[in-house]
>>> print(open('input17.txt').read())   # compact mmCIF, C-alpha atoms
# COMPACT_ATOMS: atom_id res chain seq x y z
CA MET M 23 101.26 124.22 109.18
CA VAL M 24 104.56 125.67 110.33
CA ALA M 25 107.11 123.23 111.72
CA ASP M 26 108.08 123.57 115.36
CA THR M 27 111.33 125.31 116.25
CA PRO M 28 114.16 122.76 115.93
CA ARG M 29 115.32 121.27 119.22
CA ARG M 30 118.74 119.82 120.02
CA TYR M 31 119.16 116.21 121.10
CA ARG M 32 121.89 114.33 122.87
CA TRP M 33 121.36 111.29 120.66
CA LEU M 34 120.38 111.23 117.01
CA LEU M 35 119.56 107.96 115.25
CA HIS M 36 119.93 107.84 111.48
CA VAL M 37 117.54 105.17 110.16
CA ASP M 38 118.40 103.97 106.65
CA LEU M 39 116.22 101.40 104.87
CA ASP M 40 118.29 98.80 103.02
CA GLN M 41 117.91 98.64 99.21
CA PHE M 42 114.54 100.32 99.70
CA GLN M 43 112.89 100.21 96.27
CA VAL M 44 114.11 96.67 95.63
CA SER M 45 112.86 95.59 99.06
CA VAL M 46 109.40 97.04 98.36
CA GLU M 47 109.28 95.17 95.06
CA ARG M 48 110.29 91.94 96.80
CA LEU M 49 107.47 92.35 99.29
CA ARG M 50 105.09 92.45 96.32
CA SER M 51 106.88 89.65 94.45
CA PRO M 52 108.62 87.33 96.94
CA GLU M 53 110.07 85.25 94.12
CA LEU M 54 112.50 88.14 93.52
CA VAL M 55 114.30 87.43 96.81
CA ASP M 56 117.93 86.43 96.14
CA VAL M 57 117.53 87.50 92.49
CA ALA M 58 119.48 90.39 90.95
CA VAL M 59 116.94 93.24 90.69
CA ILE M 60 117.47 96.70 89.21
CA VAL M 61 114.88 99.47 89.52
CA GLY M 62 114.93 102.52 87.27
CA GLY M 63 113.15 104.44 84.53
CA ASN M 64 110.28 102.53 82.98
CA GLY M 65 112.02 99.20 83.48
CA ASP M 66 113.42 99.04 79.94
CA PRO M 67 117.22 98.69 80.26
CA THR M 68 117.72 99.62 76.60
CA GLU M 69 116.11 103.05 76.98
CA ALA M 70 118.49 105.97 76.61
CA ARG M 71 119.11 108.59 79.29
CA LYS M 72 117.59 106.52 82.11
CA VAL M 73 119.54 105.60 85.22
CA VAL M 74 119.51 103.02 87.98
CA THR M 75 117.57 104.23 91.01
CA CYS M 76 118.19 101.17 93.19
CA ALA M 77 120.10 97.92 92.71
CA SER M 78 119.87 94.81 94.87
CA TYR M 79 122.99 93.65 96.66
CA GLU M 80 123.29 90.85 94.11
CA ALA M 81 123.54 93.48 91.37
CA ARG M 82 125.89 95.67 93.39
CA ASP M 83 128.25 92.73 93.76
CA VAL M 84 128.94 92.90 90.02
CA GLY M 85 129.37 96.67 89.94
CA VAL M 86 125.85 98.03 89.34
CA ARG M 87 125.30 101.27 91.26
CA ALA M 88 122.58 103.87 91.70
CA GLY M 89 123.00 106.66 89.14
CA MET M 90 124.57 104.34 86.55
CA PRO M 91 122.91 104.44 83.10
CA LEU M 92 120.48 101.56 82.73
CA ARG M 93 122.19 100.59 79.48
CA ALA M 94 125.51 100.24 81.29
CA ALA M 95 123.84 98.17 84.01
CA HIS M 96 122.34 95.91 81.34
CA ARG M 97 125.74 95.33 79.78
CA LYS M 98 127.06 94.26 83.19
CA LEU M 99 124.04 92.21 84.14
CA PRO M 100 121.75 91.37 81.20
CA ASP M 101 119.95 88.60 83.11
CA ALA M 102 118.81 90.80 86.02
CA VAL M 103 115.14 91.61 86.54
CA TYR M 104 114.56 95.22 85.50
CA LEU M 105 111.57 97.00 87.04
CA PRO M 106 110.12 100.49 86.55
CA LEU M 107 109.95 103.09 89.28
CA ASP M 108 106.62 102.89 91.12
CA ILE M 109 106.74 106.18 92.99
CA PRO M 110 103.28 105.95 94.58
CA ALA M 111 104.05 102.48 95.96
CA TYR M 112 107.30 103.76 97.46
CA ASP M 113 105.46 106.77 98.92
CA VAL M 114 103.03 104.44 100.66
CA ALA M 115 105.72 102.09 101.96
CA SER M 116 107.86 104.97 103.20
CA GLY M 117 104.93 106.63 104.92
CA GLU M 118 104.12 103.40 106.74
CA VAL M 119 107.71 103.13 107.99
CA MET M 120 107.72 106.73 109.20
CA SER M 121 104.49 106.03 111.10
CA VAL M 122 106.24 103.14 112.88
CA LEU M 123 109.16 105.43 113.78
CA ARG M 124 106.77 108.03 115.19
CA SER M 125 104.99 105.38 117.24
CA PHE M 126 108.02 105.29 119.57
CA GLY M 127 107.16 108.79 120.77
CA HIS M 128 110.43 110.40 119.68
CA PRO M 129 110.53 113.26 117.15
CA VAL M 130 111.23 112.19 113.56
CA GLU M 131 112.74 114.24 110.74
CA VAL M 132 112.19 112.61 107.35
CA TRP M 133 114.94 112.99 104.76
CA GLY M 134 113.51 110.92 101.92
CA TRP M 135 111.77 107.66 101.10
CA ASP M 136 114.38 105.58 102.83
CA GLU M 137 115.93 107.62 105.60
CA ALA M 138 115.02 109.64 108.65
CA TYR M 139 116.50 110.97 111.86
CA VAL M 140 115.07 110.16 115.28
CA GLY M 141 115.91 112.45 118.21
CA VAL M 142 116.41 110.84 121.62
CA GLU M 143 116.91 112.73 124.92
CA PRO M 144 116.41 116.44 124.26
CA ILE M 145 119.05 118.87 125.50
CA PRO M 146 117.57 121.59 127.75
CA ALA M 147 117.61 125.06 126.23
CA ASP M 148 119.98 126.21 128.96
CA GLY M 149 122.34 123.29 128.30
CA ALA M 150 122.05 122.13 131.91
CA VAL M 151 123.50 118.72 132.68
CA ASP M 152 121.05 116.06 133.86
CA VAL M 153 121.99 115.19 137.45
CA THR M 154 119.02 112.93 138.10
CA GLY M 155 120.70 109.83 136.71
CA THR M 156 117.92 109.34 134.15
CA GLU M 157 119.98 110.21 131.08
CA ILE M 158 120.09 107.64 128.32
CA ASP M 159 123.40 105.76 128.21
CA ASP M 160 125.05 103.83 125.37
CA ALA M 161 123.32 100.56 126.19
CA ARG M 162 119.86 102.11 126.30
CA VAL M 163 120.23 104.06 123.05
CA ARG M 164 121.46 100.90 121.32
CA GLN M 165 118.44 99.08 122.71
CA ILE M 166 116.13 101.77 121.32
CA ALA M 167 117.79 101.38 117.91
CA GLN M 168 117.28 97.61 118.02
CA GLU M 169 113.65 98.05 119.01
CA ILE M 170 113.15 100.36 116.04
CA ARG M 171 114.79 97.89 113.66
CA ALA M 172 112.62 95.06 114.95
CA ALA M 173 109.44 97.13 114.70
CA VAL M 174 110.14 98.19 111.12
CA LEU M 175 110.96 94.62 110.08
CA THR M 176 107.90 93.18 111.81
CA GLY M 177 105.47 95.94 110.86
CA ASN M 178 106.70 96.75 107.36
CA GLY M 179 108.78 93.77 106.26
CA LEU M 180 111.74 96.04 105.58
CA ALA M 181 115.27 95.85 106.98
CA CYS M 182 117.17 98.94 108.07
CA SER M 183 120.55 99.97 109.44
CA ILE M 184 120.88 102.58 112.19
CA GLY M 185 123.74 104.93 112.96
CA ILE M 186 123.89 106.61 116.37
CA SER M 187 125.73 109.80 117.31
CA ASP M 188 125.33 113.27 118.75
CA ASN M 189 124.66 115.02 115.42
CA LYS M 190 123.16 114.25 112.03
CA GLN M 191 126.37 114.17 110.03
CA ARG M 192 128.19 111.82 112.36
CA ALA M 193 125.07 109.64 112.75
CA LYS M 194 124.86 109.26 108.98
CA MET M 195 128.51 108.24 108.84
CA ALA M 196 127.82 105.78 111.67
CA THR M 197 125.20 104.17 109.44
CA GLY M 198 127.96 103.32 106.97
CA PHE M 199 129.64 101.28 109.70
CA ALA M 200 126.29 99.75 110.68
CA LYS M 201 125.73 98.51 107.12
CA LYS M 202 129.08 96.73 107.22
CA SER M 203 128.22 95.10 110.53
CA THR M 204 127.57 91.38 110.30
CA ASP M 205 125.51 91.20 113.47
CA ASP M 206 123.06 93.85 114.68
CA LYS M 207 123.28 96.56 111.97
CA VAL M 208 123.57 99.26 114.66
CA PHE M 209 126.67 101.38 115.21
CA LEU M 210 127.57 104.22 117.57
CA LEU M 211 130.12 106.79 116.41
CA ASP M 212 131.04 109.73 118.62
CA SER M 213 134.04 111.59 120.05
CA ARG M 214 135.27 108.46 121.82
CA ASN M 215 135.97 106.48 118.64
CA TRP M 216 135.97 109.23 116.00
CA LEU M 217 139.73 109.57 115.47
CA GLU M 218 140.34 105.85 115.77
CA LEU M 219 137.85 105.04 113.02
CA MET M 220 137.98 108.14 110.83
CA GLY M 221 141.35 109.80 111.39
CA ASP M 222 143.41 107.80 108.90
CA GLY M 223 140.58 107.54 106.39
CA PRO M 224 140.27 109.70 103.26
CA CYS M 225 138.46 113.03 103.42
CA ARG M 226 135.84 111.55 101.06
CA ASP M 227 134.66 109.42 103.99
CA LEU M 228 133.27 112.58 105.58
CA TRP M 229 129.60 113.11 104.83
CA SER M 230 129.06 115.91 102.27
CA VAL M 231 132.68 115.90 101.04
CA GLY M 232 132.37 115.19 97.32
CA PRO M 233 135.01 114.46 94.69
CA LYS M 234 135.57 118.13 93.80
CA THR M 235 136.16 119.15 97.40
CA ALA M 236 138.41 116.13 97.96
CA ALA M 237 140.43 117.03 94.85
CA LYS M 238 140.85 120.59 96.10
CA LEU M 239 142.06 119.31 99.45
CA ALA M 240 144.45 116.85 97.79
CA ALA M 241 145.92 119.72 95.80
CA GLN M 242 146.78 121.28 99.18
CA GLY M 243 148.38 118.03 100.37
CA VAL M 244 145.37 117.12 102.52
CA ASP M 245 144.28 113.52 101.91
CA THR M 246 143.15 112.16 105.28
CA VAL M 247 140.82 113.34 108.01
CA ASN M 248 143.78 113.75 110.38
CA GLN M 249 145.51 115.98 107.85
CA LEU M 250 142.33 118.01 107.50
CA ILE M 251 142.16 118.42 111.27
CA ALA M 252 145.75 119.70 111.19
CA THR M 253 144.82 122.35 108.61
CA SER M 254 144.09 125.74 110.10
CA ARG M 255 140.66 127.33 109.83
CA LYS M 256 142.31 130.32 108.13
CA ASP M 257 143.77 128.14 105.37
CA LEU M 258 140.47 126.39 104.81
CA ILE M 259 138.61 129.69 104.52
CA GLU M 260 141.20 131.01 102.06
CA THR M 261 140.73 127.93 99.85
CA PHE M 262 136.98 127.31 100.17
CA GLY M 263 135.47 130.56 101.38
CA PRO M 264 133.97 131.32 104.80
CA HIS M 265 130.93 129.04 104.61
CA GLN M 266 132.52 125.84 103.33
CA GLY M 267 135.83 126.49 105.04
CA ASN M 268 134.21 126.78 108.46
CA TRP M 269 132.04 123.75 107.75
CA LEU M 270 135.04 121.56 106.87
CA TYR M 271 136.79 122.72 110.04
CA VAL M 272 133.80 121.57 112.14
CA LEU M 273 133.02 118.44 110.12
CA CYS M 274 136.46 116.83 110.30
CA ARG M 275 136.33 117.11 114.09
CA GLY M 276 133.06 115.21 114.17
CA GLY M 277 130.82 118.24 114.61
CA GLY M 278 127.44 118.82 113.00
CA ASP M 279 123.77 119.60 113.43
CA SER M 280 122.15 118.13 116.55
CA THR M 281 118.64 119.47 115.94
CA ILE M 282 115.48 117.70 114.82
CA THR M 283 112.74 119.49 112.92
CA GLU M 284 109.43 117.67 113.04
CA GLU M 285 107.33 118.27 109.96
CA PRO M 286 103.68 117.38 109.53
CA TRP M 287 103.12 114.27 107.44
CA LEU M 288 99.98 113.23 105.61
CA ALA M 289 99.71 110.23 103.32
CA ARG M 290 98.99 111.21 99.73
CA SER M 291 97.73 107.75 98.81
CA HIS M 292 97.11 104.24 100.03
CA SER M 293 97.60 101.10 98.01
CA LYS M 294 97.48 97.34 98.26
CA SER M 295 98.81 94.67 95.94
CA ARG M 296 98.54 90.92 95.75
CA THR M 297 100.96 88.44 94.24
CA PHE M 298 99.09 85.29 93.22
CA PRO M 299 100.40 81.79 94.01
CA VAL M 300 99.31 80.82 90.49
CA ASP M 301 99.41 83.38 87.68
CA LEU M 302 95.99 84.58 86.59
CA VAL M 303 94.82 84.16 83.00
CA ASP M 304 91.06 84.47 83.44
CA HIS M 305 89.83 88.02 83.11
CA GLU M 306 86.92 87.59 85.52
CA GLU M 307 89.32 86.35 88.19
CA MET M 308 91.41 89.48 87.65
CA ARG M 309 88.34 91.67 87.97
CA GLY M 310 87.31 89.95 91.17
CA ALA M 311 90.77 90.31 92.69
CA ALA M 312 90.94 94.00 91.74
CA LYS M 313 87.54 94.66 93.34
CA VAL M 314 88.63 93.02 96.60
CA LEU M 315 91.82 95.11 96.65
CA ALA M 316 89.84 98.30 96.02
CA ARG M 317 87.50 97.49 98.90
CA ASP M 318 90.41 96.77 101.26
CA VAL M 319 92.19 100.02 100.41
CA LEU M 320 88.99 102.06 100.71
CA ASP M 321 88.37 100.60 104.17
CA GLN M 322 91.77 101.95 105.23
CA VAL M 323 90.94 105.36 103.73
CA LEU M 324 87.62 105.47 105.58
CA THR M 325 89.27 104.73 108.95
CA GLU M 326 91.40 107.86 108.41
CA GLU M 327 88.37 109.90 107.31
CA ARG M 328 90.06 110.78 104.03
CA VAL M 329 88.61 111.31 100.54
CA VAL M 330 89.68 109.72 97.22
CA PHE M 331 90.13 111.75 94.04
CA ARG M 332 92.06 109.38 91.74
CA VAL M 333 92.38 105.63 91.21
CA ALA M 334 95.30 103.62 89.82
CA VAL M 335 95.74 99.97 88.89
CA THR M 336 99.12 98.23 88.61
CA LEU M 337 99.59 94.99 86.69
CA ARG M 338 102.69 92.81 86.62
CA THR M 339 102.91 89.92 84.18
CA SER M 340 104.69 86.59 84.51
CA THR M 341 107.67 88.15 82.70
CA PHE M 342 107.83 90.94 85.34
CA PHE M 343 106.65 93.56 82.84
CA THR M 344 105.00 96.14 85.10
CA ARG M 345 102.62 98.92 84.10
CA THR M 346 100.35 101.37 85.96
CA LYS M 347 97.28 103.16 84.64
CA SER M 348 95.39 105.82 86.57
CA ARG M 349 92.30 107.96 86.16
CA LYS M 350 90.90 110.94 88.00
CA LEU M 351 87.41 110.40 89.38
CA ALA M 352 84.48 112.56 88.34
CA GLY M 353 84.66 114.07 91.81
CA PRO M 354 86.19 113.36 95.23
CA THR M 355 84.38 110.47 96.91
CA THR M 356 84.38 107.83 99.63
CA VAL M 357 81.73 105.70 97.94
CA TYR M 358 82.84 102.25 96.79
CA ASP M 359 80.29 102.20 93.94
CA ASP M 360 81.99 105.32 92.50
CA ILE M 361 85.43 103.73 92.66
CA GLU M 362 84.81 100.11 91.64
CA PRO M 363 83.74 100.81 88.00
CA VAL M 364 86.88 102.91 87.46
CA VAL M 365 89.09 100.13 88.81
CA VAL M 366 87.45 97.63 86.45
CA SER M 367 87.68 100.04 83.49
CA LEU M 368 91.39 100.64 84.10
CA LEU M 369 92.00 96.90 84.30
CA ASP M 370 90.14 96.42 81.03
CA ASP M 371 92.45 98.96 79.37
CA PHE M 372 95.49 96.68 79.77
CA GLU M 373 96.60 94.38 77.01
CA ARG M 374 96.58 91.03 78.78
CA ASP M 375 98.60 88.87 76.44
CA ARG M 376 100.56 87.23 79.28
CA PRO M 377 99.59 85.63 82.60
CA VAL M 378 99.32 88.10 85.49
CA ARG M 379 101.32 87.48 88.67
CA LEU M 380 100.52 90.70 90.55
CA LEU M 381 97.67 93.20 90.76
CA GLY M 382 97.69 96.41 92.74
CA VAL M 383 95.12 99.14 93.43
CA ARG M 384 96.03 102.62 94.62
CA LEU M 385 93.70 105.36 95.84
CA ASP M 386 95.09 108.90 95.71
CA LEU M 387 93.78 111.12 98.49
CA VAL M 388 92.67 114.73 98.65
CA THR M 389 95.10 117.02 100.48
CA ASP M 390 95.37 120.80 100.74
CA GLU M 391 97.76 120.62 97.80
CA ALA M 392 96.34 117.61 95.94
CA ASP M 393 98.39 116.47 92.98
CA GLU M 394 96.58 117.40 89.78
CA ALA M 395 99.06 115.67 87.47
CA GLU M 396 97.90 114.20 84.19
CA ASP M 397 96.66 110.60 84.21
CA GLU M 398 99.30 107.96 83.54
CA SER M 399 99.04 105.82 80.43
>>> encode(input="input17.txt", output="structure tokens")
Amino acid sequence: MVADTPRRYRWLLHVDLDQFQVSVERLRSPELVDVAVIVGGNGDPTEARKVVTCASYEARDVGVRAGMPLRAAHRKLPDAVYLPLDIPAYDVASGEVMSVLRSFGHPVEVWGWDEAYVGVEPIPADGAVDVTGTEIDDARVRQIAQEIRAAVLTGNGLACSIGISDNKQRAKMATGFAKKSTDDKVFLLDSRNWLELMGDGPCRDLWSVGPKTAAKLAAQGVDTVNQLIATSRKDLIETFGPHQGNWLYVLCRGGGDSTITEEPWLARSHSKSRTFPVDLVDHEEMRGAAKVLARDVLDQVLTEERVVFRVAVTLRTSTFFTRTKSRKLAGPTTVYDDIEPVVVSLLDDFERDRPVRLLGVRLDLVTDEADEAEDES
């Protein structure tokens, strides 16, 4: 399916889920709330060449950052809980959030697991000004943002920050201010407060300006956004070339892309997990719990008239060691009796030498481009 032609919007909302992977893990294991949690690699902080994907705010407070080697994070915070990436679980959680965003009736452009843009109040193709008095003002667009935040928190259990502006780049920068907000986690940044808030700041505060570009600008005596605004387009093009030079000229003035491209979205899997109030040690109890989870997930699949082609089981022990095993079915199916024996067999494959605090079952779904990856072990 080809995406619709992008359309321009007066207001763009940048929705950013807070500490996304950590938050998903805390939904599955509530006892991790207020605990330093670091997600990355296979969860082994001593493994070489693996990096932090997401760190909780407790970990960030002591200097742990996304992209940092796990070994370095472990040296800073050896007592944190280290968890492996569970990509399918994050796919499911993200898809559910995007469904909530779409339920508001505004177009949504997804930019990753944890962020998306929502377009509010389309601009007519002829650029005509609305004279009917029905345009959306500051108060209303803030209200929409708050309604979205509340819906995501209520429906998905996840917190988010929202930046509001008239283009994507400025809306994303507005989200940075929203995250620092101590009250409503919503912030509006546009031409009215742009220079006041950004003018004296470093060029690195501009979205897409990385350390190399900032260093090049500094070499020209340009350190702040105001200084960049004072630099001629000609000088910028001479230093950075026509594409980047023109972009910097527009960006520092608060310009950017005001379009939204809606793309079709189809869940690749559905999953459900359960954290037990008392850790399980009895194998038959584990089997029973896994069967119930499989039935619940299949019921969701059936309501969407989808078909299952692979099954996965996730197990988390009392020490937070987490592992997933998956197996492709003999053939695509919607029959519970085809799926249940595979779930039980996968569970039996685990070495259960410690009490189990969490079980999860995932059903991967047939799509036009179904993932034929090798089974996990």
>>> atom_distance(input="input17.txt", atom1="CA of Ile109 in chain M", atom2="CA of Val44 in chain M")
12.3 Å
>>> residues_around(input="input17.txt", residues="range 342-355 of chain M", least_positions_apart="4", cutoff="8 Å", atoms="all atoms listed in the file", output="number ranges by chain")
M: 65, 103-106, 329-338, 360-361, 364, 368, 388, 397-399
>>> write_last_selection(input="input17.txt", atoms="C-alpha atoms", output="mmCIF file, keeping the file's coordinate frame")
data_model
loop_
_atom_site.group_PDB
_atom_site.id
_atom_site.type_symbol
_atom_site.label_atom_id
_atom_site.label_comp_id
_atom_site.auth_asym_id
_atom_site.auth_seq_id
_atom_site.Cartn_x
_atom_site.Cartn_y
_atom_site.Cartn_z
ATOM 1 C CA GLY M 65 112.020 99.200 83.480
ATOM 2 C CA VAL M 103 115.140 91.610 86.540
ATOM 3 C CA TYR M 104 114.560 95.220 85.500
ATOM 4 C CA LEU M 105 111.570 97.000 87.040
ATOM 5 C CA PRO M 106 110.120 100.490 86.550
ATOM 6 C CA VAL M 329 88.610 111.310 100.540
ATOM 7 C CA VAL M 330 89.680 109.720 97.220
ATOM 8 C CA PHE M 331 90.130 111.750 94.040
ATOM 9 C CA ARG M 332 92.060 109.380 91.740
ATOM 10 C CA VAL M 333 92.380 105.630 91.210
ATOM 11 C CA ALA M 334 95.300 103.620 89.820
ATOM 12 C CA VAL M 335 95.740 99.970 88.890
ATOM 13 C CA THR M 336 99.120 98.230 88.610
ATOM 14 C CA LEU M 337 99.590 94.990 86.690
ATOM 15 C CA ARG M 338 102.690 92.810 86.620
ATOM 16 C CA ASP M 360 81.990 105.320 92.500
ATOM 17 C CA ILE M 361 85.430 103.730 92.660
ATOM 18 C CA VAL M 364 86.880 102.910 87.460
ATOM 19 C CA LEU M 368 91.390 100.640 84.100
ATOM 20 C CA VAL M 388 92.670 114.730 98.650
ATOM 21 C CA ASP M 397 96.660 110.600 84.210
ATOM 22 C CA GLU M 398 99.300 107.960 83.540
ATOM 23 C CA SER M 399 99.040 105.820 80.430
#
>>> atom_distance(input="input17.txt", atom1="CA of Leu99 in chain M", atom2="CA of Val86 in chain M")
8.0 Å
>>> atom_distance(input="input17.txt", atom1="CA of Arg164 in chain M", atom2="CA of Trp135 in chain M")
23.4 Å
>>> axis_aligned_box(input="input17.txt", around="range 59-63 of chain M", padding_each_side="8 Å", output="AutoDock Vina command-line options")
--center_x 115.3 --center_y 98.8 --center_z 87.6 --size_x 20.3 --size_y 27.2 --size_z 22.2
>>> closest_residue(input="input17.txt", among="M:Tyr79, M:Asp38, M:Gly127, M:Gly267", to="Glu284 in chain M", atoms="all atoms listed in the file")
M:Gly127
>>> residues_near_point(input="input17.txt", point="(92.4, 102.0, 103.0)", cutoff="10 Å", atoms="only C-alpha atoms", output="count of residues only")
20
>>> residues_around(input="input17.txt", residues="range 297-308 of chain M", least_positions_apart="2", cutoff="7 Å", atoms="all atoms listed in the file", output="short mmCIF file (atom, residue, chain, number, x, y, z; two decimals) with C-alpha atoms, in the coordinates of the input")
data_model
loop_
_atom_site.label_atom_id
_atom_site.label_comp_id
_atom_site.auth_asym_id
_atom_site.auth_seq_id
_atom_site.Cartn_x
_atom_site.Cartn_y
_atom_site.Cartn_z
CA ARG M 50 105.09 92.45 96.32
CA SER M 51 106.88 89.65 94.45
CA SER M 295 98.81 94.67 95.94
CA GLY M 310 87.31 89.95 91.17
CA ALA M 311 90.77 90.31 92.69
CA ALA M 312 90.94 94.00 91.74
CA SER M 340 104.69 86.59 84.51
CA PRO M 377 99.59 85.63 82.60
CA VAL M 378 99.32 88.10 85.49
CA ARG M 379 101.32 87.48 88.67
CA LEU M 380 100.52 90.70 90.55
CA LEU M 381 97.67 93.20 90.76
#
>>> residues_around(input="input17.txt", residues="Ile282 in chain M", least_positions_apart="3", cutoff="12 Å", atoms="all atoms listed in the file", output="PDB file with C-alpha atoms, in the coordinates of the input")
ATOM      1  CA  ALA M  25     107.110 123.230 111.720  1.00  0.00           C
ATOM      2  CA  ASP M  26     108.080 123.570 115.360  1.00  0.00           C
ATOM      3  CA  THR M  27     111.330 125.310 116.250  1.00  0.00           C
ATOM      4  CA  PRO M  28     114.160 122.760 115.930  1.00  0.00           C
ATOM      5  CA  ARG M  29     115.320 121.270 119.220  1.00  0.00           C
ATOM      6  CA  ARG M  30     118.740 119.820 120.020  1.00  0.00           C
ATOM      7  CA  TYR M  31     119.160 116.210 121.100  1.00  0.00           C
ATOM      8  CA  ARG M  32     121.890 114.330 122.870  1.00  0.00           C
ATOM      9  CA  TRP M  33     121.360 111.290 120.660  1.00  0.00           C
ATOM     10  CA  LEU M  34     120.380 111.230 117.010  1.00  0.00           C
ATOM     11  CA  LEU M  35     119.560 107.960 115.250  1.00  0.00           C
ATOM     12  CA  HIS M  36     119.930 107.840 111.480  1.00  0.00           C
ATOM     13  CA  HIS M 128     110.430 110.400 119.680  1.00  0.00           C
ATOM     14  CA  PRO M 129     110.530 113.260 117.150  1.00  0.00           C
ATOM     15  CA  VAL M 130     111.230 112.190 113.560  1.00  0.00           C
ATOM     16  CA  GLU M 131     112.740 114.240 110.740  1.00  0.00           C
ATOM     17  CA  VAL M 132     112.190 112.610 107.350  1.00  0.00           C
ATOM     18  CA  TRP M 133     114.940 112.990 104.760  1.00  0.00           C
ATOM     19  CA  ALA M 138     115.020 109.640 108.650  1.00  0.00           C
ATOM     20  CA  TYR M 139     116.500 110.970 111.860  1.00  0.00           C
ATOM     21  CA  VAL M 140     115.070 110.160 115.280  1.00  0.00           C
ATOM     22  CA  GLY M 141     115.910 112.450 118.210  1.00  0.00           C
ATOM     23  CA  VAL M 142     116.410 110.840 121.620  1.00  0.00           C
ATOM     24  CA  GLU M 143     116.910 112.730 124.920  1.00  0.00           C
ATOM     25  CA  PRO M 144     116.410 116.440 124.260  1.00  0.00           C
ATOM     26  CA  ILE M 145     119.050 118.870 125.500  1.00  0.00           C
ATOM     27  CA  ASP M 188     125.330 113.270 118.750  1.00  0.00           C
ATOM     28  CA  ASN M 189     124.660 115.020 115.420  1.00  0.00           C
ATOM     29  CA  LYS M 190     123.160 114.250 112.030  1.00  0.00           C
ATOM     30  CA  ASP M 279     123.770 119.600 113.430  1.00  0.00           C
ATOM     31  CA  GLU M 285     107.330 118.270 109.960  1.00  0.00           C
TER      32      GLU M 285
END
>>> residues_around(input="input17.txt", residues="Leu270 in chain M", least_positions_apart="3", cutoff="9 Å", atoms="only C-alpha atoms", output="list in words")
Val231, Leu250, Ile251, Arg255, Leu258, His265, Gln266, Gly267, Leu273, Cys274 and Arg275 of chain M
>>> residues_near_point(input="input17.txt", point="(116.0, 105.8, 90.1)", cutoff="7 Å", atoms="all atoms listed in the file", output="PyMOL selection string")
chain M and resi 61-63+73-76+107
>>> write_last_selection(input="input17.txt", atoms="C-alpha atoms", output="PDB file, in the coordinates of the input")
ATOM      1  CA  VAL M  61     114.880  99.470  89.520  1.00  0.00           C
ATOM      2  CA  GLY M  62     114.930 102.520  87.270  1.00  0.00           C
ATOM      3  CA  GLY M  63     113.150 104.440  84.530  1.00  0.00           C
ATOM      4  CA  VAL M  73     119.540 105.600  85.220  1.00  0.00           C
ATOM      5  CA  VAL M  74     119.510 103.020  87.980  1.00  0.00           C
ATOM      6  CA  THR M  75     117.570 104.230  91.010  1.00  0.00           C
ATOM      7  CA  CYS M  76     118.190 101.170  93.190  1.00  0.00           C
ATOM      8  CA  LEU M 107     109.950 103.090  89.280  1.00  0.00           C
TER       9      LEU M 107
END
>>> closest_residue(input="input17.txt", among="M:Ala111, M:Cys225, M:Glu118, M:Phe199", to="Ala240 in chain M", atoms="all atoms listed in the file")
M:Cys225
>>> residues_around(input="input17.txt", residues="range 55-58 of chain M", least_positions_apart="4", cutoff="7 Å", atoms="all atoms listed in the file", output="number ranges by chain")
M: 48, 78, 80-81, 102-103
>>> closest_residue(input="input17.txt", among="M:Lys313, M:Arg162, M:Arg97, M:Arg82", to="Leu369 in chain M", atoms="only C-alpha atoms")
M:Lys313
>>> closest_residue(input="input17.txt", among="M:Asp108, M:Asp205, M:Asp66, M:Asp113", to="Leu92 in chain M", atoms="all atoms listed in the file")
M:Asp66
>>> decode(input="input17.txt", residues="range 316-331 of chain M", atoms="C-alpha atoms", output="JSON list (two decimals), in the first residue's frame")
[["chain", "number", "residue", "atom", "x", "y", "z"],
["M", 316, "ALA", "CA", -1.94, -18.63, 25.00],
["M", 317, "ARG", "CA", -5.73, -18.78, 24.98],
["M", 318, "ASP", "CA", -6.04, -15.08, 25.89],
["M", 319, "VAL", "CA", -3.64, -13.99, 23.14],
["M", 320, "LEU", "CA", -5.30, -16.22, 20.55],
["M", 321, "ASP", "CA", -8.68, -14.71, 21.39],
["M", 322, "GLN", "CA", -7.24, -11.28, 20.54],
["M", 323, "VAL", "CA", -5.81, -12.64, 17.27],
["M", 324, "LEU", "CA", -9.17, -14.14, 16.33],
["M", 325, "THR", "CA", -11.01, -10.84, 16.88],
["M", 326, "GLU", "CA", -8.67, -9.29, 14.28],
["M", 327, "GLU", "CA", -9.14, -12.23, 11.90],
["M", 328, "ARG", "CA", -5.39, -12.82, 11.80],
["M", 329, "VAL", "CA", -3.38, -16.06, 11.49],
["M", 330, "VAL", "CA", -0.51, -17.33, 13.67],
["M", 331, "PHE", "CA", 2.69, -18.77, 12.22]]
